[in-house]
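Trainee: Below is the file run_5.pdb, which contains PDB, C-alpha atoms.
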```pdb
MODEL        1
ATOM      1  CA  ASP Z   1      58.012 109.667  78.266  1.00  0.00           C
ATOM      2  CA  MET Z   2      57.494 106.094  77.058  1.00  0.00           C
ATOM      3  CA  GLY Z   3      61.218 105.532  76.484  1.00  0.00           C
ATOM      4  CA  VAL Z   4      62.050 106.499  80.059  1.00  0.00           C
ATOM      5  CA  GLN Z   5      59.257 104.287  81.405  1.00  0.00           C
ATOM      6  CA  ASN Z   6      60.492 101.328  79.357  1.00  0.00           C
ATOM      7  CA  ALA Z   7      64.068 101.868  80.577  1.00  0.00           C
ATOM      8  CA  GLN Z   8      62.885 101.992  84.185  1.00  0.00           C
ATOM      9  CA  ALA Z   9      60.843  98.811  83.701  1.00  0.00           C
ATOM     10  CA  LEU Z  10      63.845  97.006  82.207  1.00  0.00           C
ATOM     11  CA  GLU Z  11      66.057  98.128  85.103  1.00  0.00           C
ATOM     12  CA  ARG Z  12      63.515  96.885  87.645  1.00  0.00           C
ATOM     13  CA  SER Z  13      63.322  93.557  85.806  1.00  0.00           C
ATOM     14  CA  ALA Z  14      67.119  93.206  85.735  1.00  0.00           C
ATOM     15  CA  ASN Z  15      67.302  94.011  89.456  1.00  0.00           C
ATOM     16  CA  GLU Z  16      64.644  91.421  90.198  1.00  0.00           C
ATOM     17  CA  VAL Z  17      66.468  88.819  88.118  1.00  0.00           C
ATOM     18  CA  GLN Z  18      69.725  89.393  89.992  1.00  0.00           C
ATOM     19  CA  GLU Z  19      67.990  89.422  93.381  1.00  0.00           C
ATOM     20  CA  SER Z  20      66.191  86.189  92.536  1.00  0.00           C
ATOM     21  CA  LEU Z  21      69.396  84.499  91.388  1.00  0.00           C
ATOM     22  CA  ILE Z  22      71.022  85.466  94.707  1.00  0.00           C
ATOM     23  CA  TRP Z  23      68.234  83.833  96.685  1.00  0.00           C
ATOM     24  CA  LEU Z  24      68.586  80.637  94.647  1.00  0.00           C
ATOM     25  CA  ASP Z  25      72.320  80.648  95.437  1.00  0.00           C
ATOM     26  CA  LEU Z  26      73.247  81.011  91.773  1.00  0.00           C
ATOM     27  CA  TYR Z  27      74.725  84.523  91.712  1.00  0.00           C
ATOM     28  CA  ASN Z  28      77.118  86.142  94.182  1.00  0.00           C
ATOM     29  CA  GLY Z  29      77.370  89.575  92.594  1.00  0.00           C
ATOM     30  CA  MET Z  30      75.813  92.872  93.548  1.00  0.00           C
ATOM     31  CA  VAL Z  31      72.386  93.907  92.320  1.00  0.00           C
ATOM     32  CA  ASP Z  32      73.155  96.730  89.897  1.00  0.00           C
ATOM     33  CA  GLY Z  33      70.566  96.310  87.145  1.00  0.00           C
ATOM     34  CA  ALA Z  34      73.246  95.407  84.579  1.00  0.00           C
ATOM     35  CA  LEU Z  35      72.975  91.860  83.288  1.00  0.00           C
ATOM     36  CA  GLY Z  36      76.591  91.141  82.450  1.00  0.00           C
ATOM     37  CA  SER Z  37      78.449  87.905  81.821  1.00  0.00           C
ATOM     38  CA  ARG Z  38      78.154  86.665  85.410  1.00  0.00           C
ATOM     39  CA  SER Z  39      74.410  87.300  85.466  1.00  0.00           C
ATOM     40  CA  HIS Z  40      73.928  85.456  82.165  1.00  0.00           C
ATOM     41  CA  ALA Z  41      76.045  82.540  83.423  1.00  0.00           C
ATOM     42  CA  ALA Z  42      73.828  82.383  86.523  1.00  0.00           C
ATOM     43  CA  ILE Z  43      70.702  82.449  84.329  1.00  0.00           C
ATOM     44  CA  LYS Z  44      72.072  79.462  82.381  1.00  0.00           C
ATOM     45  CA  LYS Z  45      72.599  77.585  85.658  1.00  0.00           C
ATOM     46  CA  PHE Z  46      69.013  78.302  86.628  1.00  0.00           C
ATOM     47  CA  GLN Z  47      67.718  77.173  83.240  1.00  0.00           C
ATOM     48  CA  SER Z  48      69.732  73.959  83.390  1.00  0.00           C
ATOM     49  CA  LEU Z  49      68.616  73.139  86.938  1.00  0.00           C
ATOM     50  CA  TYR Z  50      64.927  73.794  86.409  1.00  0.00           C
ATOM     51  CA  GLY Z  51      64.290  72.447  82.916  1.00  0.00           C
ATOM     52  CA  HIS Z  52      64.252  75.593  80.804  1.00  0.00           C
ATOM     53  CA  PRO Z  53      66.074  75.992  77.466  1.00  0.00           C
ATOM     54  CA  VAL Z  54      69.660  77.005  78.301  1.00  0.00           C
ATOM     55  CA  THR Z  55      70.110  80.298  76.458  1.00  0.00           C
ATOM     56  CA  GLY Z  56      71.283  82.771  79.102  1.00  0.00           C
ATOM     57  CA  HIS Z  57      68.176  84.846  78.408  1.00  0.00           C
ATOM     58  CA  LEU Z  58      64.876  84.423  80.224  1.00  0.00           C
ATOM     59  CA  SER Z  59      61.592  83.682  78.511  1.00  0.00           C
ATOM     60  CA  ASN Z  60      58.455  84.971  80.219  1.00  0.00           C
ATOM     61  CA  ASP Z  61      57.803  81.504  81.677  1.00  0.00           C
ATOM     62  CA  ALA Z  62      61.370  81.127  82.943  1.00  0.00           C
ATOM     63  CA  TYR Z  63      61.316  84.647  84.405  1.00  0.00           C
ATOM     64  CA  SER Z  64      58.094  83.911  86.309  1.00  0.00           C
ATOM     65  CA  ASP Z  65      59.472  80.589  87.533  1.00  0.00           C
ATOM     66  CA  LEU Z  66      62.701  82.257  88.718  1.00  0.00           C
ATOM     67  CA  VAL Z  67      60.925  85.035  90.598  1.00  0.00           C
ATOM     68  CA  GLU Z  68      58.414  82.658  92.226  1.00  0.00           C
ATOM     69  CA  ARG Z  69      61.078  80.202  93.395  1.00  0.00           C
ATOM     70  CA  ALA Z  70      63.179  83.032  94.835  1.00  0.00           C
ATOM     71  CA  ALA Z  71      60.161  84.557  96.587  1.00  0.00           C
ATOM     72  CA  ARG Z  72      59.529  81.258  98.375  1.00  0.00           C
ATOM     73  CA  VAL Z  73      63.120  81.125  99.632  1.00  0.00           C
ATOM     74  CA  ARG Z  74      63.081  84.811 100.623  1.00  0.00           C
ATOM     75  CA  SER Z  75      59.859  84.363 102.587  1.00  0.00           C
ATOM     76  CA  GLN Z  76      61.417  81.521 104.590  1.00  0.00           C
ATOM     77  CA  TYR Z  77      63.855  84.075 106.004  1.00  0.00           C
ATOM     78  CA  GLY Z  78      61.142  86.641 106.645  1.00  0.00           C
ATOM     79  CA  TRP Z  79      63.025  89.131 104.466  1.00  0.00           C
ATOM     80  CA  THR Z  80      62.218  92.670 105.602  1.00  0.00           C
ATOM     81  CA  THR Z  81      63.542  96.113 104.692  1.00  0.00           C
ATOM     82  CA  PHE Z  82      64.264  98.623 107.447  1.00  0.00           C
ATOM     83  CA  GLU Z  83      64.371 102.298 106.472  1.00  0.00           C
ATOM     84  CA  HIS Z  84      65.392 104.937 108.988  1.00  0.00           C
ATOM     85  CA  PRO Z  85      62.611 107.553 108.984  1.00  0.00           C
ATOM     86  CA  GLU Z  86      64.913 110.574 109.407  1.00  0.00           C
ATOM     87  CA  LEU Z  87      68.284 109.522 108.006  1.00  0.00           C
ATOM     88  CA  GLY Z  88      66.888 107.682 105.008  1.00  0.00           C
ATOM     89  CA  TYR Z  89      69.289 104.735 104.883  1.00  0.00           C
ATOM     90  CA  GLN Z  90      67.768 101.346 104.256  1.00  0.00           C
ATOM     91  CA  ILE Z  91      68.897  97.777 104.733  1.00  0.00           C
ATOM     92  CA  GLY Z  92      67.248  94.401 104.282  1.00  0.00           C
ATOM     93  CA  TYR Z  93      67.485  91.677 106.896  1.00  0.00           C
ATOM     94  CA  PRO Z  94      66.129  88.162 107.625  1.00  0.00           C
ATOM     95  CA  ALA Z  95      63.519  88.940 110.287  1.00  0.00           C
ATOM     96  CA  ALA Z  96      62.747  85.244 110.820  1.00  0.00           C
ATOM     97  CA  GLU Z  97      66.361  84.822 111.969  1.00  0.00           C
ATOM     98  CA  LEU Z  98      66.962  88.232 113.569  1.00  0.00           C
ATOM     99  CA  GLN Z  99      63.872  88.568 115.727  1.00  0.00           C
ATOM    100  CA  HIS Z 100      65.098  91.274 118.080  1.00  0.00           C
ATOM    101  CA  ALA Z 101      65.616  94.895 116.956  1.00  0.00           C
ATOM    102  CA  GLU Z 102      66.831  97.855 118.962  1.00  0.00           C
ATOM    103  CA  PRO Z 103      67.981 101.413 118.198  1.00  0.00           C
ATOM    104  CA  LEU Z 104      71.640 102.375 118.600  1.00  0.00           C
ATOM    105  CA  PRO Z 105      73.118 105.827 119.264  1.00  0.00           C
ATOM    106  CA  ASN Z 106      73.331 108.285 116.375  1.00  0.00           C
ATOM    107  CA  GLY Z 107      70.570 106.613 114.365  1.00  0.00           C
ATOM    108  CA  GLY Z 108      72.128 103.153 114.174  1.00  0.00           C
ATOM    109  CA  ARG Z 109      70.196  99.912 114.462  1.00  0.00           C
ATOM    110  CA  LYS Z 110      70.897  96.434 115.778  1.00  0.00           C
ATOM    111  CA  PHE Z 111      69.085  93.262 114.751  1.00  0.00           C
ATOM    112  CA  SER Z 112      69.956  90.112 116.669  1.00  0.00           C
ATOM    113  CA  SER Z 113      68.975  86.488 117.034  1.00  0.00           C
ATOM    114  CA  VAL Z 114      67.387  85.134 120.157  1.00  0.00           C
ATOM    115  CA  LEU Z 115      68.782  81.622 119.727  1.00  0.00           C
ATOM    116  CA  ASP Z 116      71.785  81.824 117.403  1.00  0.00           C
ATOM    117  CA  ASN Z 117      75.043  83.766 117.224  1.00  0.00           C
ATOM    118  CA  MET Z 118      73.766  86.031 114.471  1.00  0.00           C
ATOM    119  CA  MET Z 119      73.678  89.825 114.364  1.00  0.00           C
ATOM    120  CA  LEU Z 120      73.290  92.729 111.953  1.00  0.00           C
ATOM    121  CA  GLU Z 121      74.424  96.099 113.275  1.00  0.00           C
ATOM    122  CA  VAL Z 122      74.324  99.484 111.543  1.00  0.00           C
ATOM    123  CA  GLU Z 123      76.527 102.252 112.945  1.00  0.00           C
ATOM    124  CA  ILE Z 124      76.931 105.931 112.097  1.00  0.00           C
ATOM    125  CA  MET Z 125      80.034 107.864 113.113  1.00  0.00           C
ATOM    126  CA  LYS Z 126      81.710 111.169 112.375  1.00  0.00           C
ATOM    127  CA  GLY Z 127      84.662 111.009 110.034  1.00  0.00           C
ATOM    128  CA  GLY Z 128      85.346 111.126 106.302  1.00  0.00           C
ATOM    129  CA  ASN Z 129      87.530 109.251 103.844  1.00  0.00           C
ATOM    130  CA  ASP Z 130      90.694 109.800 105.900  1.00  0.00           C
ATOM    131  CA  SER Z 131      89.065 108.110 108.880  1.00  0.00           C
ATOM    132  CA  LEU Z 132      87.888 105.317 106.612  1.00  0.00           C
ATOM    133  CA  ASP Z 133      91.471 104.700 105.477  1.00  0.00           C
ATOM    134  CA  HIS Z 134      92.520 104.200 109.090  1.00  0.00           C
ATOM    135  CA  ILE Z 135      89.578 101.955 109.931  1.00  0.00           C
ATOM    136  CA  HIS Z 136      90.045  99.822 106.819  1.00  0.00           C
ATOM    137  CA  GLU Z 137      93.721  99.322 107.614  1.00  0.00           C
ATOM    138  CA  GLY Z 138      92.843  98.102 111.093  1.00  0.00           C
ATOM    139  CA  LEU Z 139      89.987  95.867 109.965  1.00  0.00           C
ATOM    140  CA  SER Z 140      92.094  94.246 107.245  1.00  0.00           C
ATOM    141  CA  LYS Z 141      94.690  92.785 109.618  1.00  0.00           C
ATOM    142  CA  ASN Z 142      94.694  89.211 110.830  1.00  0.00           C
ATOM    143  CA  SER Z 143      94.873  89.872 114.556  1.00  0.00           C
ATOM    144  CA  GLY Z 144      93.160  88.988 117.802  1.00  0.00           C
ATOM    145  CA  GLY Z 145      91.895  85.705 116.388  1.00  0.00           C
ATOM    146  CA  ARG Z 146      90.380  87.318 113.281  1.00  0.00           C
ATOM    147  CA  LEU Z 147      91.109  85.600 109.950  1.00  0.00           C
ATOM    148  CA  ILE Z 148      90.515  87.966 107.021  1.00  0.00           C
ATOM    149  CA  SER Z 149      89.372  86.368 103.771  1.00  0.00           C
ATOM    150  CA  TYR Z 150      88.713  89.495 101.726  1.00  0.00           C
ATOM    151  CA  ALA Z 151      89.396  93.220 102.005  1.00  0.00           C
ATOM    152  CA  ARG Z 152      88.787  95.966  99.481  1.00  0.00           C
ATOM    153  CA  ARG Z 153      89.049  99.748  99.740  1.00  0.00           C
ATOM    154  CA  ARG Z 154      87.551 101.820  96.936  1.00  0.00           C
ATOM    155  CA  GLU Z 155      86.705 105.496  96.469  1.00  0.00           C
ATOM    156  CA  ASN Z 156      84.246 106.063  99.343  1.00  0.00           C
ATOM    157  CA  TRP Z 157      83.735 102.563 100.731  1.00  0.00           C
ATOM    158  CA  SER Z 158      85.454  99.656 102.426  1.00  0.00           C
ATOM    159  CA  VAL Z 159      84.533  95.981 102.666  1.00  0.00           C
ATOM    160  CA  VAL Z 160      86.216  93.438 104.917  1.00  0.00           C
ATOM    161  CA  THR Z 161      85.101  89.835 105.407  1.00  0.00           C
ATOM    162  CA  GLY Z 162      86.407  86.942 107.395  1.00  0.00           C
ATOM    163  CA  GLN Z 163      85.959  84.779 110.474  1.00  0.00           C
ATOM    164  CA  PHE Z 164      86.220  85.406 114.181  1.00  0.00           C
ATOM    165  CA  GLU Z 165      85.426  83.167 117.165  1.00  0.00           C
ATOM    166  CA  GLY Z 166      83.420  80.617 115.193  1.00  0.00           C
ATOM    167  CA  ALA Z 167      81.497  83.242 113.242  1.00  0.00           C
ATOM    168  CA  SER Z 168      81.757  84.634 109.723  1.00  0.00           C
ATOM    169  CA  PHE Z 169      81.368  88.360 109.195  1.00  0.00           C
ATOM    170  CA  TYR Z 170      80.856  90.906 106.430  1.00  0.00           C
ATOM    171  CA  THR Z 171      81.555  94.568 107.184  1.00  0.00           C
ATOM    172  CA  ARG Z 172      80.871  97.433 104.807  1.00  0.00           C
ATOM    173  CA  ILE Z 173      81.543 101.106 105.651  1.00  0.00           C
ATOM    174  CA  GLU Z 174      80.818 104.104 103.431  1.00  0.00           C
ATOM    175  CA  ALA Z 175      81.988 107.711 103.697  1.00  0.00           C
ATOM    176  CA  HIS Z 176      79.321 110.359 103.142  1.00  0.00           C
ATOM    177  CA  GLY Z 177      80.674 113.859 103.634  1.00  0.00           C
ATOM    178  CA  ASP Z 178      81.840 114.181 107.230  1.00  0.00           C
ATOM    179  CA  HIS Z 179      80.152 110.969 108.324  1.00  0.00           C
ATOM    180  CA  LEU Z 180      80.734 107.250 108.097  1.00  0.00           C
ATOM    181  CA  ILE Z 181      77.911 104.747 107.982  1.00  0.00           C
ATOM    182  CA  GLY Z 182      78.459 101.031 107.942  1.00  0.00           C
ATOM    183  CA  TYR Z 183      77.141  97.674 108.979  1.00  0.00           C
ATOM    184  CA  THR Z 184      78.396  94.297 110.069  1.00  0.00           C
ATOM    185  CA  PHE Z 185      76.524  91.056 109.494  1.00  0.00           C
ATOM    186  CA  ARG Z 186      77.760  88.176 111.640  1.00  0.00           C
ATOM    187  CA  TRP Z 187      76.535  84.596 111.409  1.00  0.00           C
ATOM    188  CA  PRO Z 188      77.638  81.121 112.648  1.00  0.00           C
ATOM    189  CA  LYS Z 189      80.403  79.694 110.477  1.00  0.00           C
ATOM    190  CA  ARG Z 190      78.667  76.315 110.469  1.00  0.00           C
ATOM    191  CA  ARG Z 191      75.848  77.931 108.460  1.00  0.00           C
ATOM    192  CA  ASN Z 192      78.119  79.477 105.821  1.00  0.00           C
ATOM    193  CA  HIS Z 193      76.635  77.630 102.867  1.00  0.00           C
ATOM    194  CA  GLU Z 194      73.124  78.675 103.790  1.00  0.00           C
ATOM    195  CA  LEU Z 195      73.732  82.251 104.909  1.00  0.00           C
ATOM    196  CA  GLU Z 196      76.323  83.576 102.485  1.00  0.00           C
ATOM    197  CA  ARG Z 197      73.486  84.325 100.048  1.00  0.00           C
ATOM    198  CA  VAL Z 198      71.717  86.232 102.820  1.00  0.00           C
ATOM    199  CA  SER Z 199      74.904  88.236 103.344  1.00  0.00           C
ATOM    200  CA  ILE Z 200      75.008  89.117  99.635  1.00  0.00           C
ATOM    201  CA  ALA Z 201      71.319  90.062  99.705  1.00  0.00           C
ATOM    202  CA  ILE Z 202      71.961  92.368 102.666  1.00  0.00           C
ATOM    203  CA  ALA Z 203      74.891  94.002 100.849  1.00  0.00           C
ATOM    204  CA  SER Z 204      72.744  94.621  97.779  1.00  0.00           C
ATOM    205  CA  SER Z 205      69.923  96.061  99.890  1.00  0.00           C
ATOM    206  CA  PHE Z 206      72.079  98.606 101.731  1.00  0.00           C
ATOM    207  CA  HIS Z 207      71.413 102.110 100.387  1.00  0.00           C
ATOM    208  CA  VAL Z 208      72.415 105.416 101.940  1.00  0.00           C
ATOM    209  CA  ARG Z 209      70.676 108.660 101.084  1.00  0.00           C
ATOM    210  CA  GLY Z 210      71.361 110.752 104.199  1.00  0.00           C
ATOM    211  CA  PRO Z 211      71.090 113.568 105.075  1.00  0.00           C
ATOM    212  CA  PHE Z 212      73.361 113.081 108.050  1.00  0.00           C
ATOM    213  CA  SER Z 213      73.320 116.831 108.693  1.00  0.00           C
ATOM    214  CA  LEU Z 214      70.279 116.072 110.836  1.00  0.00           C
ATOM    215  CA  LEU Z 215      72.722 114.763 113.423  1.00  0.00           C
ATOM    216  CA  SER Z 216      74.933 117.165 115.324  1.00  0.00           C
ATOM    217  CA  LEU Z 217      78.602 116.230 115.130  1.00  0.00           C
ATOM    218  CA  ASN Z 218      78.703 116.660 118.889  1.00  0.00           C
ATOM    219  CA  GLU Z 219      76.170 113.859 119.219  1.00  0.00           C
ATOM    220  CA  LEU Z 220      78.173 111.467 117.090  1.00  0.00           C
ATOM    221  CA  GLY Z 221      80.822 109.186 118.493  1.00  0.00           C
ATOM    222  CA  THR Z 222      84.183 108.294 117.045  1.00  0.00           C
ATOM    223  CA  PRO Z 223      84.488 104.900 115.341  1.00  0.00           C
ATOM    224  CA  SER Z 224      83.462 102.415 118.000  1.00  0.00           C
ATOM    225  CA  GLU Z 225      85.215  99.245 119.002  1.00  0.00           C
ATOM    226  CA  ARG Z 226      82.167  97.281 117.895  1.00  0.00           C
ATOM    227  CA  ILE Z 227      82.952  97.911 114.251  1.00  0.00           C
ATOM    228  CA  LYS Z 228      86.651  97.099 114.669  1.00  0.00           C
ATOM    229  CA  GLY Z 229      86.449  93.355 114.284  1.00  0.00           C
ATOM    230  CA  LYS Z 230      84.281  92.781 111.651  1.00  0.00           C
ATOM    231  CA  GLU Z 231      83.196  89.350 103.675  1.00  0.00           C
ATOM    232  CA  LEU Z 232      83.025  88.812 100.198  1.00  0.00           C
ATOM    233  CA  GLU Z 233      82.470  92.014  98.291  1.00  0.00           C
ATOM    234  CA  PRO Z 234      81.157  90.545  95.066  1.00  0.00           C
ATOM    235  CA  GLU Z 235      83.151  91.515  92.021  1.00  0.00           C
ATOM    236  CA  PRO Z 236      81.382  93.958  89.701  1.00  0.00           C
ATOM    237  CA  GLU Z 237      79.776  92.646  86.544  1.00  0.00           C
TER     238      GLU Z 237
ENDMDL
END
```
Taking this structure as input, can you express it in the form of structure tokens?
Mentor:
Amino acid sequence: DMGVQNAQALERSANEVQESLIWLDLYNGMVDGALGSRSHAAIKKFQSLYGHPVTGHLSNDAYSDLVERAARVRSQYGWTTFEHPELGYQIGYPAAELQHAEPLPNGGRKFSSVLDNMMLEVEIMKGGNDSLDHIHEGLSKNSGGRLISYARRRENWSVVTGQFEGASFYTRIEAHGDHLIGYTFRWPKRRNHELERVSIAIASSFHVRGPFSLLSLNELGTPSERIKGKELEPEPE
């Protein structure tokens, strides 16, 4: 159906526009394929900065320029998408920064830096929304040297961001049936300006499809201490 194909093409284009604006540090929202007021404001910033007519809508030339500039920035970080072959979740990460990767129990994954205090860790645990309530409450408290800058609990997910021991962190946890899956991205606070856009790109790249039934509940741990210490959930369009 041509109408369906056109709609899918437009959605892909909108996603690419938002992703590109993130990489140029012009948009701090989630990639959702809906070009709302914040996306159009970011497009105007791009047009003003790079010599295009400031309309809030992209011409073909401006679109190509936007995508090409963002691709150059993205490639500097070695942006890579990891997809778990059995569990089906996927997450993007800056492979040029996080050079070391290792599996974690229950299908999790850890990406870490050889030289810098930077880490991205995906964890899977047993527990549903009730468990997520408890975890979110604990994560949202300023305690043990953690300074929370943002915390939000919605339907089946939780986001908490802040700083701890010279590092900034962004933690997102989602409830899927009887399981929780979440990640924490931690980076040096001194690199906030540079890496906050990477944090937003990671958040937008995180997709969970399951099925976690492949994992026996007996094999899964309870929420680990690693995830109890873990930033800016962008506002929706």
Trainee: Please produce, as CSV, a per-residue contact table for range 150-212 of chain Z versus range 67-73 of chain Z (criterion: any atom at most 12 Å away, only C-alpha atoms considered), showing the nearest atom pair and its distance in Å to one decimal, sorted by chain then residue number.
Mentor:
```
residue,atom,partner,partner_atom,distance
Z:Glu194,CA,Z:Val73,CA,11.1
Z:Leu195,CA,Z:Val73,CA,11.9
Z:Arg197,CA,Z:Val73,CA,10.9
Z:Val198,CA,Z:Val73,CA,10.5
Z:Ala201,CA,Z:Ala70,CA,11.8
```
Trainee: Within 9 Å of Pro53 in chain Z, counting all atoms listed in the file, which residues show up once you throw out same-chain ones fewer than 4 positions away? Write them as a list in words, please.
Mentor: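 Here the answer would be Lys44, Gln47, Ser48, Leu58, Ser59 and Ala62 of chain Z.
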Trainee: Write out as a tab-separated table the residues of range 130-225 of chain Z that have any atom within 6 Å of an atom of range 89-101 of chain Z, one row each with the nearest atom pair and its distance in Å to one decimal, counting all atoms listed in the file, sorted by chain and then rising number.
Mentor:
```
residue	atom	partner	partner_atom	distance
Z:Ile202	CA	Z:Gly92	CA	5.4
Z:Ser205	CA	Z:Ile91	CA	5.2
Z:Phe206	CA	Z:Ile91	CA	4.5
Z:His207	CA	Z:Gln90	CA	5.4
Z:Val208	CA	Z:Tyr89	CA	4.3
Z:Arg209	CA	Z:Tyr89	CA	5.6
```
Trainee: How would you write, as a CSV table (one decimal) with C-alpha atoms, keeping the file's coordinate frame, the residues chosen by the PyMOL selection byres ((chain Z and resi 56) around 12) on this structure?
Mentor:
```csv
chain,number,residue,atom,x,y,z
Z,17,VAL,CA,66.5,88.8,88.1
Z,35,LEU,CA,73.0,91.9,83.3
Z,36,GLY,CA,76.6,91.1,82.4
Z,37,SER,CA,78.4,87.9,81.8
Z,38,ARG,CA,78.2,86.7,85.4
Z,39,SER,CA,74.4,87.3,85.5
Z,40,HIS,CA,73.9,85.5,82.2
Z,41,ALA,CA,76.0,82.5,83.4
Z,42,ALA,CA,73.8,82.4,86.5
Z,43,ILE,CA,70.7,82.4,84.3
Z,44,LYS,CA,72.1,79.5,82.4
Z,45,LYS,CA,72.6,77.6,85.7
Z,46,PHE,CA,69.0,78.3,86.6
Z,47,GLN,CA,67.7,77.2,83.2
Z,48,SER,CA,69.7,74.0,83.4
Z,52,HIS,CA,64.3,75.6,80.8
Z,53,PRO,CA,66.1,76.0,77.5
Z,54,VAL,CA,69.7,77.0,78.3
Z,55,THR,CA,70.1,80.3,76.5
Z,57,HIS,CA,68.2,84.8,78.4
Z,58,LEU,CA,64.9,84.4,80.2
Z,59,SER,CA,61.6,83.7,78.5
Z,62,ALA,CA,61.4,81.1,82.9
Z,63,TYR,CA,61.3,84.6,84.4
```
Trainee: Tell me, in Å to one decimal, how far CA of Pro188 in chain Z is from CA of Ser113 in chain Z.
Mentor: 11.1 Å
Trainee: For a quick check of understanding, using only C-alpha atoms, which of Z:Trp23, Z:Gly33, Z:Lys110, Z:Asn156 has the smallest distance to Trp79 in chain Z?
Mentor: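 For Trp79 in chain Z, the nearest of the candidates is Z:Trp23.
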Trainee: Tell me which of Z:Leu147, Z:Leu115, Z:Ile124, Z:Ile181 sits closest to Glu165 in chain Z, counting only C-alpha atoms.
Mentor: Z:Leu147
Trainee: Record the distance separating CA of His136 in chain Z and CA of Asp116 in chain Z, expressed in Å with one decimal.
Mentor: 27.7 Å
Trainee: Work out how far CA of Leu49 in chain Z is from CA of Tyr170 in chain Z, in Å to one decimal.
Mentor: 29.1 Å
